[in-house]
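Have a look at query-v8.txt; it's compact mmCIF, C-alpha atoms:
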```
# COMPACT_ATOMS: atom_id res chain seq x y z
CA MET A 1 0.00 0.00 0.00
CA THR A 2 1.33 3.48 -0.86
CA ALA A 3 2.06 6.07 1.80
CA THR A 4 -0.75 8.25 0.50
CA ALA A 5 -3.34 5.47 0.58
CA SER A 6 -2.21 4.50 4.05
CA THR A 7 -2.60 8.05 5.26
CA LEU A 8 -6.03 8.41 3.65
CA SER A 9 -7.32 5.31 5.44
CA ASN A 10 -5.70 6.04 8.82
CA PRO A 11 -8.49 6.13 11.45
CA ALA A 12 -6.22 8.14 13.76
CA LEU A 13 -6.78 11.14 11.47
CA ALA A 14 -10.57 10.96 11.65
CA GLY A 15 -10.61 13.36 14.61
CA LEU A 16 -9.18 16.12 12.41
CA ASP A 17 -12.50 16.27 10.60
CA LEU A 18 -14.02 17.73 13.75
CA LEU A 19 -11.77 20.79 13.60
CA ALA A 20 -12.99 24.11 12.20
CA SER A 21 -9.50 24.86 10.86
CA ALA A 22 -8.33 23.47 7.53
CA VAL A 23 -5.55 20.89 8.07
CA LEU A 24 -3.26 19.46 5.38
CA LEU A 25 -0.62 16.75 5.78
CA VAL A 26 2.16 17.28 3.27
CA GLY A 27 5.22 15.13 2.59
CA ALA A 28 8.76 16.48 2.37
CA ASP A 29 8.39 16.35 -1.43
CA GLY A 30 5.35 18.68 -1.27
CA HIS A 31 2.81 15.95 -2.02
CA ILE A 32 -0.52 16.30 -0.16
CA SER A 33 -1.32 13.10 1.70
CA TYR A 34 -4.34 14.20 3.74
CA ALA A 35 -6.91 17.01 4.00
CA ASN A 36 -9.61 17.23 6.65
CA ALA A 37 -13.22 18.22 5.94
CA ALA A 38 -12.58 21.91 6.67
CA ALA A 39 -9.70 21.90 4.16
CA GLU A 40 -11.95 20.35 1.51
CA HIS A 41 -14.49 23.12 2.14
CA LEU A 42 -11.92 25.94 2.19
CA LEU A 43 -10.10 24.75 -0.93
CA GLU A 44 -13.33 23.74 -2.71
CA SER A 45 -11.88 20.36 -3.62
CA SER A 46 -12.31 16.77 -2.44
CA LEU A 47 -9.74 14.77 -0.49
CA LYS A 48 -9.40 12.41 -3.45
CA ALA A 49 -8.58 15.30 -5.81
CA LEU A 50 -6.23 17.02 -3.35
CA SER A 51 -4.29 13.79 -2.73
CA ARG A 52 -3.17 13.84 -6.36
CA LEU A 53 -1.62 17.30 -6.08
CA GLN A 54 1.56 18.96 -4.95
CA LEU A 55 1.12 21.82 -2.48
CA GLY A 56 2.57 24.26 -5.02
CA ALA A 57 -0.19 23.40 -7.51
CA LEU A 58 -2.92 24.70 -5.20
CA PHE A 59 -1.91 28.35 -5.26
CA VAL A 60 -0.56 30.76 -7.86
CA ASN A 61 1.75 32.35 -5.28
CA ALA A 62 2.81 29.28 -3.27
CA ASP A 63 6.38 30.56 -2.70
CA GLU A 64 5.74 32.06 0.76
CA LEU A 65 4.01 28.92 2.02
CA ALA A 66 6.75 26.73 0.49
CA ASN A 67 9.37 28.82 2.29
CA LEU A 68 7.60 28.26 5.62
CA CYS A 69 7.55 24.51 4.88
CA GLU A 70 11.30 24.46 4.17
CA GLN A 71 12.06 26.25 7.43
CA ALA A 72 9.81 23.88 9.39
CA LEU A 73 11.50 20.82 7.82
CA ALA A 74 14.88 22.28 8.78
CA HIS A 75 13.58 22.36 12.40
CA LYS A 76 14.45 26.04 12.74
CA TYR A 77 11.26 26.67 14.75
CA ALA A 78 8.72 24.59 16.65
CA ASP A 79 6.07 26.02 14.35
CA LEU A 80 5.79 28.94 11.96
CA ARG A 81 2.83 31.33 11.93
CA GLN A 82 2.09 33.90 9.27
CA ASP A 83 -0.82 35.74 7.68
CA LEU A 84 -0.94 34.94 3.97
CA THR A 85 -2.95 35.90 0.91
CA LEU A 86 -3.10 32.71 -1.16
CA GLU A 87 -4.11 33.37 -4.75
CA ARG A 88 -5.95 30.75 -6.77
CA SER A 89 -6.48 30.58 -10.49
CA GLY A 90 -9.99 31.68 -11.39
CA ARG A 91 -11.13 31.95 -7.75
CA GLU A 92 -11.18 34.50 -4.95
CA PRO A 93 -7.88 34.79 -3.02
CA LEU A 94 -7.82 33.25 0.45
CA GLN A 95 -6.93 35.48 3.41
CA VAL A 96 -5.59 32.99 5.96
CA HIS A 97 -3.56 32.68 9.13
CA SER A 98 -1.19 29.75 8.56
CA VAL A 99 0.56 27.51 11.08
CA VAL A 100 3.21 25.12 9.73
CA SER A 101 4.76 22.38 11.90
CA ALA A 102 7.04 19.43 11.13
CA THR A 103 6.23 15.95 12.42
CA GLY A 104 8.83 13.43 13.51
CA ASP A 105 8.48 11.30 10.35
CA GLY A 106 9.40 14.05 7.86
CA GLN A 107 5.86 15.22 7.12
CA LEU A 108 4.38 18.69 7.57
CA VAL A 109 1.15 19.71 9.24
CA ILE A 110 -0.27 22.87 7.68
CA GLU A 111 -3.18 24.57 9.42
CA LEU A 112 -5.06 27.31 7.55
CA ARG A 113 -7.62 29.54 9.27
CA GLU A 114 -9.55 32.21 7.42
CA ASN A 115 -8.41 35.65 8.56
CA VAL A 116 -11.80 37.05 9.54
CA GLN A 117 -10.44 40.49 10.45
CA GLN A 118 -8.74 40.90 7.07
CA LEU A 119 -11.86 39.73 5.27
CA LYS A 120 -13.88 42.30 7.23
CA LEU A 121 -11.45 45.09 6.34
CA ASP A 122 -11.53 44.10 2.67
CA ARG A 123 -15.33 44.04 2.71
CA GLU A 124 -15.52 47.47 4.36
CA GLU A 125 -13.07 48.87 1.82
CA ARG A 126 -15.20 47.55 -1.04
CA ILE A 127 -18.33 49.04 0.56
CA LEU A 128 -16.65 52.44 0.97
CA ASP A 129 -15.39 52.43 -2.61
CA GLN A 130 -18.79 51.40 -3.94
CA SER A 131 -20.49 54.03 -1.79
CA GLN A 132 -18.25 56.74 -3.18
CA VAL A 133 -19.01 55.63 -6.73
CA ASN A 134 -22.74 55.61 -5.89
CA LYS A 135 -22.57 59.16 -4.51
CA GLU A 136 -20.90 60.49 -7.64
CA LEU A 137 -23.32 58.61 -9.88
CA ILE A 138 -26.37 59.83 -7.96
CA ARG A 139 -25.20 63.45 -7.88
CA ASN A 140 -24.38 63.55 -11.60
CA LEU A 141 -27.50 61.66 -12.62
CA ALA A 142 -29.78 63.83 -10.46
CA HIS A 143 -28.37 67.05 -11.91
CA GLU A 144 -28.71 65.69 -15.46
CA ILE A 145 -32.37 64.79 -14.81
CA LYS A 146 -33.28 67.96 -12.91
CA ASN A 147 -32.86 70.49 -15.72
CA PRO A 148 -34.87 68.64 -18.43
CA LEU A 149 -37.63 67.98 -15.88
CA GLY A 150 -38.12 71.70 -15.32
CA GLY A 151 -38.37 72.21 -19.08
CA ILE A 152 -40.88 69.38 -19.52
CA ARG A 153 -43.10 70.70 -16.73
CA GLY A 154 -42.96 74.25 -18.01
CA ALA A 155 -43.77 73.17 -21.56
CA ALA A 156 -46.79 71.19 -20.31
CA GLN A 157 -48.08 74.22 -18.40
CA LEU A 158 -47.69 76.46 -21.46
CA LEU A 159 -49.38 73.84 -23.64
CA GLU A 160 -52.32 73.74 -21.24
CA LEU A 161 -52.75 77.51 -21.52
CA GLU A 162 -52.80 77.26 -25.32
CA LEU A 163 -55.42 74.51 -25.52
CA PRO A 164 -58.58 75.51 -27.40
CA ALA A 165 -61.57 75.89 -25.10
CA VAL A 166 -63.55 73.23 -26.95
CA HIS A 167 -60.96 70.54 -26.12
CA LEU A 168 -59.70 71.94 -22.79
CA VAL A 169 -61.36 69.44 -20.44
CA GLN A 170 -60.41 66.40 -22.54
CA LEU A 171 -56.82 67.37 -23.29
CA ARG A 172 -56.07 68.93 -19.89
CA GLU A 173 -56.10 65.40 -18.46
CA TYR A 174 -52.99 64.59 -20.53
CA THR A 175 -51.10 67.77 -19.61
CA GLN A 176 -51.87 67.14 -15.94
CA VAL A 177 -50.39 63.62 -16.24
CA ILE A 178 -47.17 65.17 -17.62
CA ILE A 179 -47.05 67.79 -14.86
CA LYS A 180 -47.76 65.32 -12.03
CA GLU A 181 -45.20 62.78 -13.28
CA ALA A 182 -42.62 65.56 -13.65
CA ASP A 183 -43.35 66.59 -10.03
CA ARG A 184 -43.00 62.99 -8.87
CA LEU A 185 -39.62 62.66 -10.56
CA GLN A 186 -38.58 66.03 -9.14
CA THR A 187 -39.37 64.75 -5.63
CA LEU A 188 -37.28 61.65 -6.29
CA VAL A 189 -34.36 63.77 -7.54
CA ASP A 190 -34.60 66.01 -4.46
CA ARG A 191 -34.41 62.93 -2.23
CA LEU A 192 -31.34 61.73 -4.13
CA LEU A 193 -29.62 65.06 -3.61
CA ALA A 194 -30.80 65.61 -0.01
CA PRO A 195 -27.75 64.11 1.80
CA HIS A 196 -25.37 66.27 -0.27
CA ARG A 197 -27.34 69.50 0.20
CA ARG A 198 -28.15 69.41 3.87
CA PRO A 199 -25.51 70.75 6.29
CA HIS A 200 -24.07 68.33 8.83
CA ILE A 201 -25.34 69.78 12.16
CA VAL A 202 -23.11 68.44 14.93
CA GLY A 203 -24.06 68.33 18.59
CA ASP A 204 -24.06 65.97 21.57
CA VAL A 205 -26.07 62.83 20.79
CA ASN A 206 -27.53 60.28 23.19
CA ILE A 207 -28.17 57.19 21.08
CA HIS A 208 -30.99 56.04 23.37
CA GLU A 209 -32.87 59.30 22.77
CA VAL A 210 -32.52 58.58 19.06
CA CYS A 211 -33.88 55.03 19.50
CA GLU A 212 -36.76 56.22 21.71
CA ARG A 213 -37.76 58.86 19.16
CA VAL A 214 -37.84 56.24 16.40
CA ARG A 215 -39.71 53.82 18.66
CA SER A 216 -42.43 56.43 19.28
CA LEU A 217 -42.77 57.16 15.56
CA MET A 218 -42.96 53.47 14.68
CA LEU A 219 -45.58 52.65 17.32
CA ALA A 220 -47.66 55.60 16.13
CA GLU A 221 -47.44 54.28 12.56
CA PHE A 222 -48.04 50.63 13.57
CA PRO A 223 -50.17 50.81 16.73
CA SER A 224 -51.04 47.10 16.84
CA GLY A 225 -49.34 43.84 15.90
CA LEU A 226 -45.78 45.18 16.29
CA THR A 227 -43.73 44.86 19.48
CA ILE A 228 -40.55 46.93 19.84
CA ARG A 229 -38.20 45.62 22.52
CA ARG A 230 -35.35 47.67 24.00
CA ASP A 231 -32.06 46.15 25.09
CA TYR A 232 -29.91 49.15 26.01
CA ASP A 233 -26.48 49.49 27.57
CA ALA A 234 -26.95 52.54 29.79
CA SER A 235 -23.18 53.08 30.08
CA ILE A 236 -22.80 54.25 26.46
CA PRO A 237 -21.57 57.87 26.55
CA GLU A 238 -22.85 60.75 24.46
CA PHE A 239 -20.90 61.48 21.29
CA ARG A 240 -20.70 64.24 18.71
CA GLY A 241 -23.01 63.77 15.76
CA ASP A 242 -26.02 64.94 13.78
CA LYS A 243 -29.02 63.79 15.80
CA GLU A 244 -31.58 64.32 13.02
CA GLN A 245 -29.49 62.31 10.54
CA LEU A 246 -29.16 59.45 13.00
CA ILE A 247 -32.90 59.50 13.72
CA GLN A 248 -33.54 59.30 9.97
CA THR A 249 -31.02 56.45 9.65
CA VAL A 250 -32.62 54.29 12.37
CA LEU A 251 -36.11 55.21 11.17
CA ASN A 252 -35.36 54.17 7.58
CA ILE A 253 -34.09 50.77 8.74
CA ALA A 254 -36.95 50.25 11.22
CA ARG A 255 -39.57 51.26 8.67
CA ASN A 256 -38.10 48.89 6.06
CA ALA A 257 -38.23 46.13 8.68
CA ALA A 258 -41.85 46.90 9.56
CA GLN A 259 -42.85 46.79 5.90
CA ALA A 260 -41.15 43.38 5.56
CA LEU A 261 -43.02 42.30 8.71
CA HIS A 262 -46.45 43.03 7.19
CA GLU A 263 -47.74 39.45 7.49
CA ARG A 264 -46.47 39.09 11.04
CA ILE A 265 -48.02 42.44 12.01
CA VAL A 266 -51.35 41.16 10.73
CA GLY A 267 -50.77 37.98 12.77
CA GLY A 268 -49.79 40.03 15.84
CA ASP A 269 -46.32 38.51 16.41
CA ALA A 270 -44.04 41.01 14.62
CA GLU A 271 -41.03 42.07 16.68
CA LEU A 272 -38.30 44.69 16.41
CA ILE A 273 -35.36 44.87 18.81
CA PHE A 274 -33.19 47.95 19.42
CA ARG A 275 -29.98 46.75 21.06
CA THR A 276 -27.02 48.93 22.05
CA ARG A 277 -23.59 47.78 23.20
CA VAL A 278 -20.04 49.10 23.41
CA ALA A 279 -17.51 47.48 21.08
CA ARG A 280 -13.80 47.72 21.87
CA GLN A 281 -10.78 47.99 19.58
CA VAL A 282 -12.77 48.37 16.37
CA THR A 283 -11.43 49.29 12.93
CA LEU A 284 -13.80 51.53 10.97
CA ALA A 285 -12.89 52.75 7.49
CA LYS A 286 -9.23 51.76 8.09
CA VAL A 287 -9.03 53.74 11.37
CA ARG A 288 -8.65 51.99 14.74
CA TYR A 289 -10.88 53.17 17.61
CA GLY A 290 -10.70 52.12 21.24
CA LEU A 291 -14.48 52.33 21.69
CA ALA A 292 -17.40 52.23 19.30
CA LEU A 293 -21.18 52.26 19.53
CA ASP A 294 -22.58 48.89 18.43
CA LEU A 295 -26.26 49.42 17.56
CA HIS A 296 -28.40 46.53 16.29
CA ILE A 297 -31.85 46.82 14.72
CA ILE A 298 -33.22 43.28 14.57
CA ASP A 299 -36.49 41.98 13.16
CA ASN A 300 -38.13 38.54 12.94
CA GLY A 301 -39.31 38.97 9.36
CA PRO A 302 -38.82 36.73 6.31
CA GLY A 303 -35.28 37.95 5.63
CA ILE A 304 -33.81 39.75 2.63
CA SER A 305 -34.01 38.02 -0.73
CA PRO A 306 -30.66 36.44 -1.69
CA GLN A 307 -31.00 38.07 -5.13
CA ILE A 308 -30.57 41.58 -3.66
CA ARG A 309 -28.78 40.86 -0.37
CA ASP A 310 -25.41 42.11 -1.65
CA ARG A 311 -26.98 45.20 -3.24
CA ILE A 312 -29.37 46.51 -0.59
CA PHE A 313 -27.34 49.70 -0.05
CA TYR A 314 -27.25 50.52 -3.78
CA PRO A 315 -29.60 53.32 -4.85
CA LEU A 316 -32.97 52.35 -6.37
CA VAL A 317 -32.66 48.71 -5.22
CA SER A 318 -35.79 47.68 -3.31
CA GLY A 319 -37.11 44.37 -2.04
CA ARG A 320 -40.77 45.40 -2.24
CA GLU A 321 -43.07 46.61 -4.96
CA GLY A 322 -43.42 50.38 -4.97
CA GLY A 323 -40.32 50.98 -2.86
CA SER A 324 -38.02 53.84 -3.90
CA GLY A 325 -34.85 51.95 -2.95
CA LEU A 326 -33.41 55.07 -1.28
CA GLY A 327 -33.99 54.44 2.44
CA LEU A 328 -30.93 52.24 3.02
CA THR A 329 -28.78 54.28 0.62
CA LEU A 330 -29.49 57.41 2.68
CA ALA A 331 -28.91 55.47 5.92
CA GLN A 332 -25.50 54.33 4.70
CA THR A 333 -24.59 57.87 3.61
CA PHE A 334 -25.51 59.33 7.01
CA VAL A 335 -23.59 56.61 8.90
CA GLN A 336 -20.49 57.16 6.76
CA GLN A 337 -20.71 60.91 7.42
CA HIS A 338 -20.31 59.93 11.11
CA LEU A 339 -17.17 57.89 10.22
CA GLY A 340 -19.03 54.66 10.87
CA VAL A 341 -20.11 51.57 8.98
CA ILE A 342 -23.39 49.76 8.56
CA GLU A 343 -23.60 45.99 8.05
CA CYS A 344 -26.40 43.50 7.57
CA GLU A 345 -26.89 39.79 8.24
CA SER A 346 -30.13 38.19 7.15
CA ARG A 347 -31.80 34.81 7.08
CA PRO A 348 -35.45 33.74 7.32
CA GLY A 349 -36.75 34.72 10.74
CA LEU A 350 -33.94 37.17 11.58
CA THR A 351 -32.50 40.26 9.92
CA ASP A 352 -29.88 42.22 11.85
CA PHE A 353 -28.71 45.67 10.77
CA ARG A 354 -25.59 46.65 12.71
CA ILE A 355 -24.38 50.26 12.95
CA LEU A 356 -20.89 50.92 14.32
CA LEU A 357 -19.93 54.50 15.20
CA PRO A 358 -16.75 55.71 16.95
CA LEU A 359 -17.12 56.86 20.56
CA PRO A 360 -14.96 59.37 22.41
```

Here is the file; what I need is its structure written in the form of structure tokens.
Amino acid sequence: MTATASTLSNPALAGLDLLASAVLLVGADGHISYANAAAEHLLESSLKALSRLQLGALFVNADELANLCEQALAHKYADLRQDLTLERSGREPLQVHSVVSATGDGQLVIELRENVQQLKLDREERILDQSQVNKELIRNLAHEIKNPLGGIRGAAQLLELELPAVHLVQLREYTQVIIKEADRLQTLVDRLLAPHRRPHIVGDVNIHEVCERVRSLMLAEFPSGLTIRRDYDASIPEFRGDKEQLIQTVLNIARNAAQALHERIVGGDAELIFRTRVARQVTLAKVRYGLALDLHIIDNGPGISPQIRDRIFYPLVSGREGGSGLGLTLAQTFVQQHLGVIECESRPGLTDFRILLPLP
């Protein structure tokens, strides 16, 4: 029996399948002799397929990992740890923390754990870049639409004045359609431009006053069938910010949640939770803060459709018929103006919007 086959059938290795970390056993010649279940998942390949490969064939830039393996085989260190970006042909790069150790029989144990912090930073950077592109697109598009709209509306009004009396009632219906649709589009354009026009009014903000104001508005709008629970950390200090923008941010998210909860509101078991906590040592937009506000707005609705989950903060993307698709875009803009980030996790029965803002 070959060494590889022996390793594959070794029951002593079965326990490695219980680990969350990806584990590879590699011979001194670089041949992969074993991969646990987590490694199969991480590398998107079966144990049978991996056992035919050399370690260097897995990654485009395998030099760094190969260097760690050489040092481990030379017994320079008990184990070697390093954060790596492992590039793969035609697939997303892997951000991992690697641990390489040599066994007594000339084999290597390579442990790969996804670097969650690096993935988070990369995701935030993509969100910030996309948000900036969205802002420029919205501003330019809104200005391009605004001027022709004024001309269309004015022309319709002049046309209405010139209509012959005999046809005035019949044809006025058409001119009024033009005028009303132009007004509707003008309102939409004004909403697109609102975050860029309005001054950022900074003062001392108590986040619980913000939540209570939104809670009152929501209960007035949905007086029955909706329960709003509060789970506050009273130790959270006041911070400098625009109170009205933050109220609008939380309100937009809560109102979206309530609209998604329509069936549960009718059934009387709809629930929203406002939860506040303090997060420590948080990186927001590439800046490290000792303390941050960690605000969660949680609902027990059906969840966000997978088709739009990655695009919910894009302008004009809505999960319901008749929605403008601007509520979450404005919320993200306001949060970013406070140097914070907004994230979302969603599955059926639970959607959690998380707002992180730096604290003094």

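Interatomic distance, atom CA of A:Arg230 to atom CA of A:Ile247: 15.9 Å.
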
Given all atoms listed in the file as the basis, pick out the residue of A:Ala66, A:Ala142, A:Val169, A:Ala57 nearest to A:Asp190.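 Smallest distance to A:Asp190 is found for A:Ala142.
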
Option closest in space to A:Leu188, from A:Val109, A:Leu326, A:Ile228, A:Val278 [counting only C-alpha atoms]: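 Under the stated criterion, the closest residue is A:Leu326.
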
Separation of atom CA of A:Glu144 from atom CA of A:Ile179, in Å and rounded to one decimal: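 Result for atom CA of A:Glu144 versus atom CA of A:Ile179: 18.5 Å, one decimal.
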
Which residues are near stretch 72-74 of chain A? Cut-off 10 Å, all atoms listed in the file, ignore same chain within fewer than 6 positions. Put them as a PDB file with C-alpha atoms, in the frame of the given file.
```pdb
ATOM      1  CA  GLY A  27       5.220  15.130   2.590  1.00  0.00           C
ATOM      2  CA  ALA A  28       8.760  16.480   2.370  1.00  0.00           C
ATOM      3  CA  ALA A  66       6.750  26.730   0.490  1.00  0.00           C
ATOM      4  CA  LEU A  80       5.790  28.940  11.960  1.00  0.00           C
ATOM      5  CA  VAL A 100       3.210  25.120   9.730  1.00  0.00           C
ATOM      6  CA  SER A 101       4.760  22.380  11.900  1.00  0.00           C
ATOM      7  CA  ALA A 102       7.040  19.430  11.130  1.00  0.00           C
ATOM      8  CA  THR A 103       6.230  15.950  12.420  1.00  0.00           C
ATOM      9  CA  GLY A 104       8.830  13.430  13.510  1.00  0.00           C
ATOM     10  CA  GLY A 106       9.400  14.050   7.860  1.00  0.00           C
ATOM     11  CA  GLN A 107       5.860  15.220   7.120  1.00  0.00           C
ATOM     12  CA  LEU A 108       4.380  18.690   7.570  1.00  0.00           C
ATOM     13  CA  VAL A 109       1.150  19.710   9.240  1.00  0.00           C
TER      14      VAL A 109
END
```

Can you work out which one of A:Gly268, A:Pro360, A:Pro306, A:Gly90 has the shortest atom-to-atom distance to A:Leu291, counting all atoms listed in the file?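 Distance minimum relative to A:Leu291 lands on A:Pro360.
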
Residue contacts of A:Arg264 (8 Å, only C-alpha atoms) excluding same-chain residues fewer than 4 positions away, as a VMD selection string: chain A and resid 225 268 to 270 301

Saved selection, atoms kept: C-alpha atoms, as a CSV table (one decimal), in the coordinates of the input:
```
chain,number,residue,atom,x,y,z
A,225,GLY,CA,-49.3,43.8,15.9
A,268,GLY,CA,-49.8,40.0,15.8
A,269,ASP,CA,-46.3,38.5,16.4
A,270,ALA,CA,-44.0,41.0,14.6
A,301,GLY,CA,-39.3,39.0,9.4
```

I'd like to know which of A:Leu357, A:Thr249, A:Gln259, A:Leu350 is closest to A:Val287, using all atoms listed in the file.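 Among the listed residues, A:Leu357 lies closest to A:Val287.
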
If we count all atoms listed in the file and set the cut-off at 12 Å, which residues sit around A:Leu161, ignoring sequence neighbours fewer than 4 positions away in its own chain? Please answer as JSON, numbers by chain. {"A": [154, 155, 156, 157, 165, 167, 168, 169, 171, 172, 175, 176]}
